[in-house]
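J.: Sharing a structure with you now.
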Amino acid sequence: ILSSFDFSAPFRQGLFLISHPKRFFGAFPGMFKSFGSERIFKEVQEGIIRKPTFDLMQESKLALTEMDRILTKREESFMSQWAEKIPIVGRFVRASGRAYIGFLNKLRADVFEDLIIKADKLGLAPRSNQDLVKEVANFVNTASGRGPLGAFERSSILLNSFFFSPRLIFSRLTLLNPVYYVNANPFIRKEALRSLFTVAGLGTTVLGMAKFGGAEVGTDPRSSDFGKIKIGNTRIDIWGGFQQYIRMAAQLITGKYISSTTGKE
């Protein structure tokens with residue numbers, strides 16, 4: 001229920017792929033239409049199936065989720081059908097799920113296709129390079145909050161019962177880990193770094209504009225207000241799940257934290 005009644009997928013799970021603006025903003029119409037219509041949601045899904053790279057998406061395990069009874073095939077924010085059965089409210093919960101899944105599936109499929117075409121133009125022969133295709137899919141999955149859980153993969157449903165969106169947590173930690181970029185294929189490394197710098201640049205620009213407009217902006221990484229826009233008692237976090245780990249690292253490294261209410265160390 002808390003995950004419903006909004007259109008949060010773009011600036012939550014989808015944020016890291018804003019570096020592909022044509023695909024990012026191009027997925028918005030389908031998201032809004034999927035919210036209002038089960039038929040259009042199915043059309044969005046069918047459009048992905050008709051893509052010439054769909055066979056590669058399946059082989060490389062690109063995360064294309066569904067409104068399915070099988071919980072592992074659903075997005076983590078909607079890992080249940082119970083709320084959909086509530087009279088009246090349930091209709092809007094399901095509509096929110098369609099919007100969420102419709103946006104992310106289209107974004108993942110479109111970005112995946114773009115990267116495969118780009119790799120082909122660079123002479124990397126993705127159709128005969130299975131490892132590269134898998135790494136492309138892994139990057140798109142991770143960048144869109146659907147990161148692999150490694151040894152915890154079989155426990156995904158159990159983890160989701162205790163932690164809100166464990167795949168999103170793993171994906172954010174992966175994208176903040178320098179080792180990921182060092183070990184990545186050069187083609188993927190370039191794309192991942194471009195996305196990282198795009199998000200960082202866009203975020204700092206928004207914070208700068210907010211400060212220029214009179215809002216308070218947190219600058220101390222030891223405070224929970226770090227990188228947030230503060231207007232009165234309201235905090236706005238624009239970082240899509242990245243800020244918390246940077247703050248936590250700063251607090252652990254320094255052994256100190258700054259109270260966001262009193263400002264005391």
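Labels used: A, B, ... for chains in the order of the structure tokens, numbers from 1 for residues in each chain, and numbers from 1 for ligands as shown.
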Applying 10 Å and only C-alpha atoms, which residues near stretch 106-116 of chain A remain after dropping the ones on its own chain fewer than 2 positions away? List them as JSON, numbers by chain.

T.: {"A": [10, 14, 17, 18, 20, 22, 23, 24, 25, 26, 27, 28, 30, 31, 44, 45, 47, 48, 49, 51, 52, 53, 54, 56, 57, 62, 63, 64, 101, 102, 103, 104, 118, 119, 120, 121, 122, 124, 125, 126, 127, 132, 133, 136, 137, 138, 139, 140, 141, 143, 144, 187, 188, 191]}

J.: Select from stretch 79-261 of chain A everything DSSP, run on the backbone, classes as helix (DSSP H, G or I), then give the selection as an MDAnalysis selection string.

T.: chainID A and resid 83:85 89:121 126:128 130:143 150:162 166:175 178:183 186:212 243:254

J.: If DSSP is run on the backbone, what residues of stretch 29-264 of chain A are strand (DSSP E)? A reply as a list in words would be ideal.

T.: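 Taking stretch 29-264 of chain A and keeping strand (DSSP E) gives Glu216, Val217, Lys228, Ile229, Lys230, Ile231, Thr234, Arg235, Ile236 and Asp237 of chain A.
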
J.: Of the candidates A:Pro221, A:Gly263, A:Gly213, A:Gly97, which one gets nearest to A:Arg247 if we count only C-alpha atoms?

T.: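 Ranked by minimum distance to A:Arg247, first place goes to A:Pro221.
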
J.: Write out as a ChimeraX atom specification which residues come within 10 Å of A:Gln243 when counting only C-alpha atoms, dropping same-chain ones fewer than 5 positions away.

T.: /A:172,221,224-228,237-238,248

J.: Deliver the residues from the most recent selection as a file, using all heavy atoms, as a PDB file, in the first residue's frame.

T.:
```
ATOM      1  N   ARG A 172      22.495  -0.699  -5.283  1.00  0.00           N
ATOM      2  CA  ARG A 172      23.097   0.582  -4.899  1.00  0.00           C
ATOM      3  C   ARG A 172      24.495   0.375  -4.329  1.00  0.00           C
ATOM      4  O   ARG A 172      25.417   1.143  -4.617  1.00  0.00           O
ATOM      5  CB  ARG A 172      22.216   1.302  -3.880  1.00  0.00           C
ATOM      6  CG  ARG A 172      20.859   1.795  -4.403  1.00  0.00           C
ATOM      7  CD  ARG A 172      20.938   2.348  -5.777  1.00  0.00           C
ATOM      8  NE  ARG A 172      19.733   3.010  -6.236  1.00  0.00           N
ATOM      9  CZ  ARG A 172      19.258   2.925  -7.469  1.00  0.00           C
ATOM     10  NH1 ARG A 172      19.886   2.177  -8.367  1.00  0.00           N
ATOM     11  NH2 ARG A 172      18.179   3.600  -7.837  1.00  0.00           N
ATOM     12  N   PRO A 221      28.617  15.046   5.298  1.00  0.00           N
ATOM     13  CA  PRO A 221      28.283  13.640   5.034  1.00  0.00           C
ATOM     14  C   PRO A 221      28.046  12.807   6.288  1.00  0.00           C
ATOM     15  O   PRO A 221      27.594  11.670   6.185  1.00  0.00           O
ATOM     16  CB  PRO A 221      29.515  13.132   4.263  1.00  0.00           C
ATOM     17  CG  PRO A 221      30.622  14.046   4.666  1.00  0.00           C
ATOM     18  CD  PRO A 221      29.976  15.391   4.867  1.00  0.00           C
ATOM     19  N   SER A 224      22.400  12.895   8.599  1.00  0.00           N
ATOM     20  CA  SER A 224      21.365  12.256   7.766  1.00  0.00           C
ATOM     21  C   SER A 224      20.755  13.240   6.780  1.00  0.00           C
ATOM     22  O   SER A 224      20.047  12.843   5.851  1.00  0.00           O
ATOM     23  CB  SER A 224      20.273  11.650   8.649  1.00  0.00           C
ATOM     24  OG  SER A 224      19.649  12.643   9.439  1.00  0.00           O
ATOM     25  N   ASP A 225      21.026  14.533   6.964  1.00  0.00           N
ATOM     26  CA  ASP A 225      20.543  15.553   6.028  1.00  0.00           C
ATOM     27  C   ASP A 225      21.491  15.763   4.852  1.00  0.00           C
ATOM     28  O   ASP A 225      21.224  16.589   3.975  1.00  0.00           O
ATOM     29  CB  ASP A 225      20.365  16.898   6.749  1.00  0.00           C
ATOM     30  CG  ASP A 225      19.071  16.953   7.549  1.00  0.00           C
ATOM     31  OD1 ASP A 225      18.206  16.090   7.327  1.00  0.00           O
ATOM     32  OD2 ASP A 225      18.936  17.853   8.395  1.00  0.00           O
ATOM     33  N   PHE A 226      22.598  15.024   4.818  1.00  0.00           N
ATOM     34  CA  PHE A 226      23.583  15.204   3.755  1.00  0.00           C
ATOM     35  C   PHE A 226      22.957  14.999   2.369  1.00  0.00           C
ATOM     36  O   PHE A 226      22.286  14.005   2.103  1.00  0.00           O
ATOM     37  CB  PHE A 226      24.732  14.208   3.932  1.00  0.00           C
ATOM     38  CG  PHE A 226      25.727  14.213   2.804  1.00  0.00           C
ATOM     39  CD1 PHE A 226      26.485  15.349   2.537  1.00  0.00           C
ATOM     40  CD2 PHE A 226      25.897  13.101   1.998  1.00  0.00           C
ATOM     41  CE1 PHE A 226      27.403  15.366   1.498  1.00  0.00           C
ATOM     42  CE2 PHE A 226      26.805  13.105   0.965  1.00  0.00           C
ATOM     43  CZ  PHE A 226      27.559  14.239   0.703  1.00  0.00           C
ATOM     44  N   GLY A 227      23.165  15.976   1.492  1.00  0.00           N
ATOM     45  CA  GLY A 227      22.668  15.869   0.129  1.00  0.00           C
ATOM     46  C   GLY A 227      21.167  16.017  -0.009  1.00  0.00           C
ATOM     47  O   GLY A 227      20.614  15.773  -1.082  1.00  0.00           O
ATOM     48  N   LYS A 228      20.505  16.418   1.068  1.00  0.00           N
ATOM     49  CA  LYS A 228      19.053  16.580   1.017  1.00  0.00           C
ATOM     50  C   LYS A 228      18.679  18.062   0.976  1.00  0.00           C
ATOM     51  O   LYS A 228      19.421  18.912   1.477  1.00  0.00           O
ATOM     52  CB  LYS A 228      18.385  15.930   2.228  1.00  0.00           C
ATOM     53  CG  LYS A 228      18.517  14.418   2.269  1.00  0.00           C
ATOM     54  CD  LYS A 228      17.821  13.849   3.494  1.00  0.00           C
ATOM     55  CE  LYS A 228      17.964  12.331   3.535  1.00  0.00           C
ATOM     56  NZ  LYS A 228      17.313  11.759   4.742  1.00  0.00           N
ATOM     57  N   ASP A 237      14.839  13.984  -0.485  1.00  0.00           N
ATOM     58  CA  ASP A 237      15.989  13.177  -0.885  1.00  0.00           C
ATOM     59  C   ASP A 237      15.869  12.876  -2.380  1.00  0.00           C
ATOM     60  O   ASP A 237      14.951  12.172  -2.803  1.00  0.00           O
ATOM     61  CB  ASP A 237      16.003  11.881  -0.077  1.00  0.00           C
ATOM     62  CG  ASP A 237      17.185  10.976  -0.432  1.00  0.00           C
ATOM     63  OD1 ASP A 237      17.997  11.360  -1.282  1.00  0.00           O
ATOM     64  OD2 ASP A 237      17.276   9.891   0.157  1.00  0.00           O
ATOM     65  N   ILE A 238      16.790  13.396  -3.179  1.00  0.00           N
ATOM     66  CA  ILE A 238      16.707  13.260  -4.636  1.00  0.00           C
ATOM     67  C   ILE A 238      17.587  12.133  -5.170  1.00  0.00           C
ATOM     68  O   ILE A 238      17.659  11.935  -6.384  1.00  0.00           O
ATOM     69  CB  ILE A 238      17.118  14.574  -5.330  1.00  0.00           C
ATOM     70  CG1 ILE A 238      18.595  14.882  -5.047  1.00  0.00           C
ATOM     71  CG2 ILE A 238      16.223  15.725  -4.907  1.00  0.00           C
ATOM     72  CD1 ILE A 238      19.173  16.016  -5.865  1.00  0.00           C
ATOM     73  N   MET A 248      26.422   6.611   5.721  1.00  0.00           N
ATOM     74  CA  MET A 248      26.821   5.563   6.652  1.00  0.00           C
ATOM     75  C   MET A 248      28.341   5.358   6.613  1.00  0.00           C
ATOM     76  O   MET A 248      28.994   5.210   7.661  1.00  0.00           O
ATOM     77  CB  MET A 248      26.114   4.250   6.308  1.00  0.00           C
ATOM     78  CG  MET A 248      26.474   3.106   7.247  1.00  0.00           C
ATOM     79  SD  MET A 248      25.634   1.556   6.821  1.00  0.00           S
ATOM     80  CE  MET A 248      26.443   1.162   5.263  1.00  0.00           C
TER      81      MET A 248
END
```
